[in-house]
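Colleague: Next up, upload_18.txt (compact mmCIF, N, CA and C atoms).
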```
# COMPACT_ATOMS: atom_id res chain seq x y z
N MET A 1 -72.09 37.62 -50.83
CA MET A 1 -71.57 38.50 -49.82
C MET A 1 -70.31 37.90 -49.21
N ASN A 2 -69.33 38.74 -48.99
CA ASN A 2 -68.12 38.30 -48.35
C ASN A 2 -68.29 38.48 -46.85
N GLU A 3 -68.47 37.39 -46.15
CA GLU A 3 -68.80 37.43 -44.73
C GLU A 3 -67.76 38.19 -43.92
N LEU A 4 -66.48 37.90 -44.11
CA LEU A 4 -65.44 38.56 -43.35
C LEU A 4 -65.44 40.06 -43.65
N GLN A 5 -65.57 40.42 -44.92
CA GLN A 5 -65.55 41.83 -45.29
C GLN A 5 -66.68 42.59 -44.62
N ASP A 6 -67.87 42.00 -44.55
CA ASP A 6 -68.99 42.67 -43.89
C ASP A 6 -68.69 42.94 -42.42
N PHE A 7 -68.01 42.01 -41.75
CA PHE A 7 -67.68 42.22 -40.36
C PHE A 7 -66.61 43.28 -40.19
N LEU A 8 -65.74 43.45 -41.18
CA LEU A 8 -64.67 44.42 -41.09
C LEU A 8 -65.05 45.78 -41.65
N ASP A 9 -66.13 45.86 -42.40
CA ASP A 9 -66.51 47.04 -43.16
C ASP A 9 -67.37 48.02 -42.39
N ASP A 10 -67.20 48.13 -41.11
CA ASP A 10 -68.10 49.04 -40.42
C ASP A 10 -67.41 50.37 -40.17
N GLY A 11 -68.20 51.41 -40.26
CA GLY A 11 -67.70 52.74 -40.01
C GLY A 11 -68.47 53.41 -38.89
N TYR A 12 -69.31 52.66 -38.25
CA TYR A 12 -70.12 53.26 -37.18
C TYR A 12 -69.33 53.27 -35.88
N ASP A 13 -69.76 54.10 -34.96
CA ASP A 13 -69.09 54.27 -33.68
C ASP A 13 -69.80 53.45 -32.60
N PRO A 14 -69.15 52.45 -32.03
CA PRO A 14 -69.78 51.64 -30.99
C PRO A 14 -70.24 52.47 -29.79
N ALA A 15 -69.61 53.61 -29.58
CA ALA A 15 -69.98 54.46 -28.44
C ALA A 15 -71.41 54.98 -28.58
N ALA A 16 -71.92 55.06 -29.80
CA ALA A 16 -73.29 55.52 -30.00
C ALA A 16 -74.28 54.55 -29.35
N VAL A 17 -74.05 53.25 -29.51
CA VAL A 17 -74.92 52.26 -28.88
C VAL A 17 -74.70 52.27 -27.37
N ARG A 18 -73.45 52.27 -26.96
CA ARG A 18 -73.15 52.26 -25.51
C ARG A 18 -73.74 53.49 -24.82
N GLY A 19 -73.77 54.62 -25.52
CA GLY A 19 -74.33 55.85 -24.94
C GLY A 19 -75.81 55.73 -24.62
N ARG A 20 -76.51 54.85 -25.31
CA ARG A 20 -77.94 54.67 -25.07
C ARG A 20 -78.21 53.84 -23.82
N VAL A 21 -77.17 53.18 -23.34
CA VAL A 21 -77.30 52.36 -22.12
C VAL A 21 -76.22 52.77 -21.10
N ASP A 22 -75.84 54.04 -21.14
CA ASP A 22 -74.74 54.49 -20.28
C ASP A 22 -75.08 54.53 -18.79
N HIS A 23 -76.34 54.26 -18.46
CA HIS A 23 -76.73 54.16 -17.05
C HIS A 23 -76.39 52.79 -16.47
N LEU A 24 -76.00 51.86 -17.33
CA LEU A 24 -75.64 50.50 -16.91
C LEU A 24 -74.13 50.40 -16.72
N PRO A 25 -73.64 49.39 -16.00
CA PRO A 25 -72.20 49.22 -15.83
C PRO A 25 -71.49 49.10 -17.18
N TYR A 26 -70.24 49.56 -17.23
CA TYR A 26 -69.49 49.61 -18.49
C TYR A 26 -69.40 48.24 -19.16
N GLU A 27 -69.13 47.18 -18.42
CA GLU A 27 -69.05 45.83 -19.01
C GLU A 27 -70.37 45.45 -19.67
N THR A 28 -71.46 45.82 -19.04
CA THR A 28 -72.79 45.55 -19.60
C THR A 28 -72.99 46.34 -20.88
N GLN A 29 -72.57 47.60 -20.90
CA GLN A 29 -72.65 48.42 -22.11
C GLN A 29 -71.89 47.75 -23.26
N GLN A 30 -70.71 47.23 -22.95
CA GLN A 30 -69.90 46.55 -23.97
C GLN A 30 -70.62 45.31 -24.49
N ASP A 31 -71.18 44.52 -23.60
CA ASP A 31 -71.92 43.32 -24.01
C ASP A 31 -73.08 43.68 -24.93
N ILE A 32 -73.86 44.68 -24.52
CA ILE A 32 -75.03 45.08 -25.30
C ILE A 32 -74.62 45.58 -26.67
N GLU A 33 -73.56 46.37 -26.74
CA GLU A 33 -73.07 46.87 -28.03
C GLU A 33 -72.60 45.70 -28.90
N GLN A 34 -71.89 44.76 -28.31
CA GLN A 34 -71.39 43.61 -29.06
C GLN A 34 -72.54 42.75 -29.59
N ILE A 35 -73.55 42.53 -28.78
CA ILE A 35 -74.71 41.75 -29.23
C ILE A 35 -75.41 42.47 -30.37
N SER A 36 -75.60 43.77 -30.22
CA SER A 36 -76.25 44.56 -31.26
C SER A 36 -75.47 44.49 -32.57
N ARG A 37 -74.16 44.59 -32.49
CA ARG A 37 -73.31 44.51 -33.68
C ARG A 37 -73.39 43.13 -34.32
N ILE A 38 -73.36 42.08 -33.52
CA ILE A 38 -73.46 40.71 -34.06
C ILE A 38 -74.79 40.53 -34.77
N LEU A 39 -75.88 40.98 -34.16
CA LEU A 39 -77.20 40.84 -34.78
C LEU A 39 -77.23 41.51 -36.15
N ARG A 40 -76.70 42.70 -36.22
CA ARG A 40 -76.71 43.45 -37.48
C ARG A 40 -75.77 42.82 -38.52
N ALA A 41 -74.59 42.43 -38.10
CA ALA A 41 -73.62 41.89 -39.04
C ALA A 41 -73.99 40.48 -39.51
N ALA A 42 -74.58 39.70 -38.63
CA ALA A 42 -74.91 38.30 -38.97
C ALA A 42 -76.23 38.18 -39.70
N PHE A 43 -77.03 39.23 -39.73
CA PHE A 43 -78.33 39.19 -40.41
C PHE A 43 -78.11 38.88 -41.89
N GLY A 44 -78.79 37.85 -42.36
CA GLY A 44 -78.65 37.44 -43.75
C GLY A 44 -77.76 36.23 -43.95
N TYR A 45 -77.04 35.84 -42.90
CA TYR A 45 -76.18 34.66 -42.99
C TYR A 45 -76.84 33.51 -42.25
N GLY A 46 -77.91 33.01 -42.81
CA GLY A 46 -78.62 31.91 -42.18
C GLY A 46 -78.48 30.65 -42.98
N GLU A 47 -79.30 29.69 -42.64
CA GLU A 47 -79.27 28.40 -43.31
C GLU A 47 -80.25 28.35 -44.47
N ALA A 48 -80.88 29.47 -44.76
CA ALA A 48 -81.81 29.58 -45.89
C ALA A 48 -81.62 30.95 -46.52
N ASP A 49 -82.09 31.12 -47.73
CA ASP A 49 -81.93 32.40 -48.41
C ASP A 49 -82.75 33.48 -47.73
N MET A 50 -82.08 34.59 -47.47
CA MET A 50 -82.74 35.77 -46.91
C MET A 50 -83.35 36.54 -48.06
N PRO A 51 -84.58 37.03 -47.93
CA PRO A 51 -85.15 37.87 -48.99
C PRO A 51 -84.21 39.06 -49.25
N ALA A 52 -84.01 39.38 -50.52
CA ALA A 52 -83.06 40.43 -50.90
C ALA A 52 -83.39 41.77 -50.25
N ASP A 53 -84.65 42.06 -50.06
CA ASP A 53 -85.03 43.34 -49.46
C ASP A 53 -85.33 43.24 -47.97
N GLY A 54 -84.98 42.11 -47.37
CA GLY A 54 -85.19 41.94 -45.93
C GLY A 54 -84.20 42.77 -45.15
N ARG A 55 -84.68 43.37 -44.06
CA ARG A 55 -83.77 44.17 -43.24
C ARG A 55 -84.27 44.25 -41.80
N ILE A 56 -83.34 44.58 -40.93
CA ILE A 56 -83.67 44.86 -39.55
C ILE A 56 -84.14 46.32 -39.49
N GLU A 57 -85.31 46.52 -38.91
CA GLU A 57 -85.84 47.87 -38.74
C GLU A 57 -85.31 48.51 -37.45
N SER A 58 -85.27 47.71 -36.38
CA SER A 58 -84.77 48.23 -35.11
C SER A 58 -84.37 47.08 -34.20
N ILE A 59 -83.52 47.43 -33.24
CA ILE A 59 -83.12 46.50 -32.19
C ILE A 59 -83.33 47.24 -30.88
N ALA A 60 -84.03 46.61 -29.95
CA ALA A 60 -84.30 47.25 -28.65
C ALA A 60 -83.92 46.31 -27.52
N LEU A 61 -83.44 46.90 -26.46
CA LEU A 61 -83.20 46.21 -25.20
C LEU A 61 -84.50 46.32 -24.43
N ILE A 62 -85.07 45.20 -24.03
CA ILE A 62 -86.42 45.22 -23.44
C ILE A 62 -86.48 44.53 -22.09
N GLY A 63 -87.63 44.69 -21.46
CA GLY A 63 -88.00 43.92 -20.27
C GLY A 63 -87.01 43.92 -19.15
N SER A 64 -86.89 42.76 -18.55
CA SER A 64 -86.09 42.62 -17.33
C SER A 64 -84.60 42.49 -17.63
N CYS A 65 -84.20 42.56 -18.88
CA CYS A 65 -82.78 42.37 -19.21
C CYS A 65 -81.89 43.39 -18.52
N ALA A 66 -82.40 44.57 -18.27
CA ALA A 66 -81.59 45.59 -17.61
C ALA A 66 -81.82 45.60 -16.10
N ASP A 67 -82.62 44.68 -15.60
CA ASP A 67 -82.86 44.61 -14.16
C ASP A 67 -81.64 44.01 -13.46
N LEU A 68 -81.35 44.54 -12.32
CA LEU A 68 -80.26 43.98 -11.53
C LEU A 68 -80.76 42.76 -10.77
N ALA A 69 -79.94 41.73 -10.75
CA ALA A 69 -80.29 40.55 -9.96
C ALA A 69 -80.31 40.96 -8.49
N ALA A 70 -81.39 40.66 -7.80
CA ALA A 70 -81.58 41.12 -6.43
C ALA A 70 -80.46 40.64 -5.49
N ASP A 71 -79.99 39.43 -5.70
CA ASP A 71 -79.01 38.88 -4.77
C ASP A 71 -77.58 39.31 -5.03
N SER A 72 -77.23 39.59 -6.28
CA SER A 72 -75.84 39.87 -6.58
C SER A 72 -75.57 41.31 -6.99
N GLY A 73 -76.61 42.07 -7.36
CA GLY A 73 -76.40 43.44 -7.80
C GLY A 73 -75.82 43.53 -9.20
N THR A 74 -75.89 42.44 -9.95
CA THR A 74 -75.38 42.44 -11.32
C THR A 74 -76.53 42.24 -12.31
N ILE A 75 -76.25 42.48 -13.56
CA ILE A 75 -77.24 42.29 -14.60
C ILE A 75 -77.53 40.80 -14.73
N ALA A 76 -78.80 40.43 -14.69
CA ALA A 76 -79.17 39.02 -14.73
C ALA A 76 -79.08 38.44 -16.13
N GLY A 77 -79.40 39.21 -17.15
CA GLY A 77 -79.37 38.72 -18.52
C GLY A 77 -79.84 39.81 -19.46
N TYR A 78 -79.86 39.50 -20.74
CA TYR A 78 -80.22 40.49 -21.75
C TYR A 78 -81.39 39.98 -22.59
N ASP A 79 -82.38 40.83 -22.78
CA ASP A 79 -83.52 40.53 -23.65
C ASP A 79 -83.54 41.56 -24.77
N PHE A 80 -83.53 41.06 -26.00
CA PHE A 80 -83.54 41.93 -27.17
C PHE A 80 -84.78 41.66 -28.00
N ARG A 81 -85.35 42.72 -28.54
CA ARG A 81 -86.45 42.59 -29.50
C ARG A 81 -85.93 43.16 -30.81
N ILE A 82 -85.94 42.32 -31.85
CA ILE A 82 -85.48 42.70 -33.17
C ILE A 82 -86.69 42.82 -34.08
N MET A 83 -86.88 44.00 -34.64
CA MET A 83 -88.00 44.24 -35.55
C MET A 83 -87.47 44.16 -36.98
N VAL A 84 -88.11 43.33 -37.80
CA VAL A 84 -87.73 43.16 -39.20
C VAL A 84 -88.88 43.62 -40.10
N ASN A 85 -88.57 43.83 -41.38
CA ASN A 85 -89.59 44.38 -42.27
C ASN A 85 -90.44 43.34 -42.99
N LEU A 86 -90.02 42.08 -43.00
CA LEU A 86 -90.76 41.03 -43.70
C LEU A 86 -90.97 39.82 -42.79
N PRO A 87 -92.12 39.19 -42.85
CA PRO A 87 -92.36 38.00 -42.01
C PRO A 87 -91.31 36.91 -42.23
N GLU A 88 -90.84 36.75 -43.46
CA GLU A 88 -89.84 35.70 -43.75
C GLU A 88 -88.54 35.94 -42.98
N CYS A 89 -88.24 37.19 -42.68
CA CYS A 89 -87.00 37.52 -41.96
C CYS A 89 -87.06 37.13 -40.50
N ALA A 90 -88.24 36.90 -39.98
CA ALA A 90 -88.40 36.52 -38.58
C ALA A 90 -88.21 35.02 -38.37
N ASP A 91 -88.11 34.26 -39.44
CA ASP A 91 -87.94 32.81 -39.35
C ASP A 91 -86.66 32.48 -38.59
N GLU A 92 -86.76 31.57 -37.65
CA GLU A 92 -85.63 31.19 -36.80
C GLU A 92 -84.40 30.79 -37.60
N VAL A 93 -84.57 30.22 -38.76
CA VAL A 93 -83.44 29.75 -39.56
C VAL A 93 -82.47 30.90 -39.89
N HIS A 94 -82.98 32.12 -39.96
CA HIS A 94 -82.13 33.27 -40.28
C HIS A 94 -81.37 33.80 -39.07
N TRP A 95 -81.67 33.30 -37.90
CA TRP A 95 -81.06 33.83 -36.68
C TRP A 95 -80.14 32.84 -35.98
N ARG A 96 -80.05 31.63 -36.49
CA ARG A 96 -79.22 30.61 -35.83
C ARG A 96 -77.74 31.00 -35.79
N PHE A 97 -77.23 31.55 -36.88
CA PHE A 97 -75.83 31.96 -36.93
C PHE A 97 -75.57 33.05 -35.88
N ALA A 98 -76.43 34.05 -35.83
CA ALA A 98 -76.28 35.13 -34.84
C ALA A 98 -76.36 34.57 -33.43
N ARG A 99 -77.31 33.67 -33.19
CA ARG A 99 -77.44 33.07 -31.86
C ARG A 99 -76.18 32.31 -31.45
N ARG A 100 -75.59 31.58 -32.41
CA ARG A 100 -74.35 30.85 -32.10
C ARG A 100 -73.22 31.80 -31.75
N LEU A 101 -73.08 32.88 -32.53
CA LEU A 101 -72.03 33.86 -32.24
C LEU A 101 -72.23 34.50 -30.87
N ILE A 102 -73.45 34.89 -30.59
CA ILE A 102 -73.75 35.52 -29.30
C ILE A 102 -73.49 34.55 -28.16
N ALA A 103 -73.90 33.30 -28.33
CA ALA A 103 -73.67 32.29 -27.28
C ALA A 103 -72.18 32.11 -27.02
N SER A 104 -71.39 32.12 -28.08
CA SER A 104 -69.95 31.92 -27.90
C SER A 104 -69.26 33.13 -27.29
N GLU A 105 -69.78 34.33 -27.54
CA GLU A 105 -69.15 35.55 -27.04
C GLU A 105 -69.69 36.00 -25.69
N ILE A 106 -70.99 35.90 -25.49
CA ILE A 106 -71.64 36.47 -24.30
C ILE A 106 -72.33 35.42 -23.45
N GLY A 107 -72.88 34.40 -24.09
CA GLY A 107 -73.75 33.44 -23.44
C GLY A 107 -73.19 32.76 -22.21
N ALA A 108 -71.89 32.64 -22.12
CA ALA A 108 -71.32 31.99 -20.94
C ALA A 108 -71.40 32.89 -19.72
N ARG A 109 -71.45 34.21 -19.93
CA ARG A 109 -71.50 35.16 -18.81
C ARG A 109 -72.93 35.45 -18.36
N ARG A 110 -73.83 35.62 -19.33
CA ARG A 110 -75.22 35.97 -19.03
C ARG A 110 -76.13 35.40 -20.10
N PRO A 111 -77.35 35.02 -19.73
CA PRO A 111 -78.29 34.54 -20.74
C PRO A 111 -78.72 35.70 -21.66
N VAL A 112 -78.91 35.36 -22.94
CA VAL A 112 -79.35 36.33 -23.94
C VAL A 112 -80.60 35.78 -24.61
N THR A 113 -81.67 36.57 -24.61
CA THR A 113 -82.92 36.19 -25.26
C THR A 113 -83.16 37.11 -26.44
N LEU A 114 -83.48 36.51 -27.59
CA LEU A 114 -83.80 37.27 -28.79
C LEU A 114 -85.24 36.99 -29.18
N THR A 115 -86.01 38.05 -29.40
CA THR A 115 -87.36 37.93 -29.91
C THR A 115 -87.40 38.70 -31.22
N VAL A 116 -87.78 38.01 -32.30
CA VAL A 116 -87.82 38.65 -33.61
C VAL A 116 -89.27 38.76 -34.05
N ASP A 117 -89.68 39.99 -34.41
CA ASP A 117 -91.04 40.27 -34.84
C ASP A 117 -91.02 41.09 -36.12
N VAL A 118 -92.15 41.07 -36.82
CA VAL A 118 -92.31 41.94 -37.98
C VAL A 118 -92.63 43.33 -37.46
N SER A 119 -92.17 44.32 -38.20
CA SER A 119 -92.26 45.73 -37.78
C SER A 119 -93.50 46.08 -36.99
N ALA A 120 -93.24 46.69 -35.88
CA ALA A 120 -94.27 47.24 -34.99
C ALA A 120 -93.52 48.14 -34.03
N ASP A 121 -94.25 48.85 -33.22
CA ASP A 121 -93.58 49.69 -32.23
C ASP A 121 -92.82 48.80 -31.27
N SER A 122 -91.62 49.24 -30.94
CA SER A 122 -90.80 48.45 -30.03
C SER A 122 -90.57 49.24 -28.74
N ALA A 123 -91.00 48.68 -27.63
CA ALA A 123 -90.76 49.31 -26.34
C ALA A 123 -89.33 49.01 -25.91
N GLY A 124 -88.85 49.74 -24.96
CA GLY A 124 -87.52 49.50 -24.44
C GLY A 124 -86.54 50.56 -24.92
N ILE A 125 -85.27 50.26 -24.77
CA ILE A 125 -84.20 51.17 -25.18
C ILE A 125 -83.81 50.82 -26.61
N ILE A 126 -84.03 51.74 -27.54
CA ILE A 126 -83.70 51.48 -28.94
C ILE A 126 -82.19 51.57 -29.11
N LEU A 127 -81.59 50.47 -29.53
CA LEU A 127 -80.15 50.39 -29.74
C LEU A 127 -79.79 50.65 -31.20
N TYR A 128 -80.73 50.34 -32.09
CA TYR A 128 -80.51 50.55 -33.52
C TYR A 128 -81.84 50.88 -34.17
N ASP A 129 -81.84 51.90 -35.01
CA ASP A 129 -83.01 52.28 -35.79
C ASP A 129 -82.53 52.50 -37.22
N ALA A 130 -83.04 51.70 -38.15
CA ALA A 130 -82.58 51.75 -39.54
C ALA A 130 -82.81 53.12 -40.17
N LYS A 131 -83.78 53.86 -39.69
CA LYS A 131 -84.09 55.17 -40.28
C LYS A 131 -83.09 56.24 -39.90
N THR A 132 -82.43 56.08 -38.77
CA THR A 132 -81.57 57.16 -38.28
C THR A 132 -80.12 56.78 -38.01
N ASP A 133 -79.83 55.51 -37.79
CA ASP A 133 -78.48 55.12 -37.39
C ASP A 133 -77.58 54.82 -38.58
N PHE A 134 -76.30 55.00 -38.36
CA PHE A 134 -75.29 54.78 -39.38
C PHE A 134 -75.26 53.30 -39.78
N PRO A 135 -75.19 53.00 -41.09
CA PRO A 135 -75.12 51.60 -41.53
C PRO A 135 -73.86 50.92 -41.00
N LEU A 136 -74.00 49.65 -40.67
CA LEU A 136 -72.87 48.86 -40.17
C LEU A 136 -72.06 48.28 -41.31
N ASN A 137 -72.73 47.90 -42.39
CA ASN A 137 -72.03 47.22 -43.48
C ASN A 137 -72.71 47.54 -44.81
N ALA A 138 -72.19 46.97 -45.88
CA ALA A 138 -72.70 47.24 -47.22
C ALA A 138 -74.16 46.82 -47.38
N ARG A 139 -74.56 45.73 -46.75
CA ARG A 139 -75.96 45.30 -46.85
C ARG A 139 -76.90 46.34 -46.26
N GLU A 140 -76.60 46.84 -45.07
CA GLU A 140 -77.44 47.87 -44.46
C GLU A 140 -77.45 49.14 -45.31
N LEU A 141 -76.31 49.51 -45.85
CA LEU A 141 -76.24 50.71 -46.68
C LEU A 141 -77.12 50.58 -47.92
N SER A 142 -77.11 49.40 -48.55
CA SER A 142 -77.90 49.19 -49.78
C SER A 142 -79.39 49.18 -49.52
N LEU A 143 -79.80 48.89 -48.28
CA LEU A 143 -81.22 48.83 -47.94
C LEU A 143 -81.70 50.06 -47.18
N ARG A 144 -80.86 51.07 -47.13
CA ARG A 144 -81.19 52.30 -46.38
C ARG A 144 -82.50 52.89 -46.86
N PRO A 145 -83.43 53.23 -45.94
CA PRO A 145 -84.72 53.81 -46.36
C PRO A 145 -84.55 55.19 -46.97
```
Translate this file's structure into structure tokens.

Modeller:
Amino acid sequence: MNELQDFLDDGYDPAAVRGRVDHLPYETQQDIEQISRILRAAFGYGEADMPADGRIESIALIGSCADLAADSGTIAGYDFRIMVNLPECADEVHWRFARRLIASEIGARRPVTLTVDVSADSAGIILYDAKTDFPLNARELSLRP
């Protein structure tokens, strides 16, 4: 896979993700969309081989991540739940690259928590659903259900 090409090869509209969290401040919407895009684009670029048929099923914004900090009136941090289709895809080794990118882009402003689980119902605001959302890159397109 050509890493740079995958990051440049998207045809999806970022406003679709931001629209799902449009009740939050605009800067927060941008952060959430950027994190969602990084998770999707960086999936498969880990320190170990990703199973060829491994994929992200959904990404949800969960829990207190959308809560306003009582003292400042700002978003305290972001909590994401990423649902994958294979147990091997939940291994931390596959998420280190994404975590580093997120830390460098967003982590200095707000804490970001990622929880990766094998497919199950995901509570929260669904930011990405593999069954219905536009593919971000060639890998997602090839694994389309």

Colleague: Residues around (-87.1, 44.2, -46.6), cut-off 8 Å, counting only C-alpha atoms - what are they as a ChimeraX atom specification?

Modeller: /A:51-56,84-86,143

Colleague: So what do you get for CA of Gly63 (chain A) versus CA of Thr113 (chain A), distance-wise?

Modeller: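 CA of Thr113 (chain A) lies at a distance of 10.5 Å from CA of Gly63 (chain A).
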
Colleague: So what do you get for CA of Asp31 (chain A) versus atom C of Asp91 (chain A), distance-wise?

Modeller: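 These atoms are spaced 23.4 Å apart.
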
Colleague: Could you tell me how far CA of His94 (chain A) lies from atom C of Asp13 (chain A), in Å and to one decimal?

Modeller: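 It comes out at 24.9 Å.
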
Colleague: For each of A:Cys89, A:Gln29, A:Pro14, A:Phe80, take the minimum atom-to-atom distance to Leu114 (chain A), counting all atoms listed in the file, then give the residue where this is smallest.

Modeller: A:Phe80

Colleague: Looking at A:Ala123, A:Ala48, A:Ala108, A:Ile32, which one is nearest to Arg81 (chain A), with distances taken over all atoms listed in the file?

Modeller: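 The closest residue to Arg81 (chain A) is A:Ala123.
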
Colleague: Pick from A:Ala98, A:Met83, A:Ala41, A:Val93: nearest to Asp121 (chain A), with only N, CA and C atoms counted?

Modeller: A:Met83

Colleague: Which is closest to Asp129 (chain A) among A:Arg40, A:Glu27, A:Ala15, A:Val21, if we use only C-alpha atoms?

Modeller: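 Nearest to Asp129 (chain A): A:Arg40.
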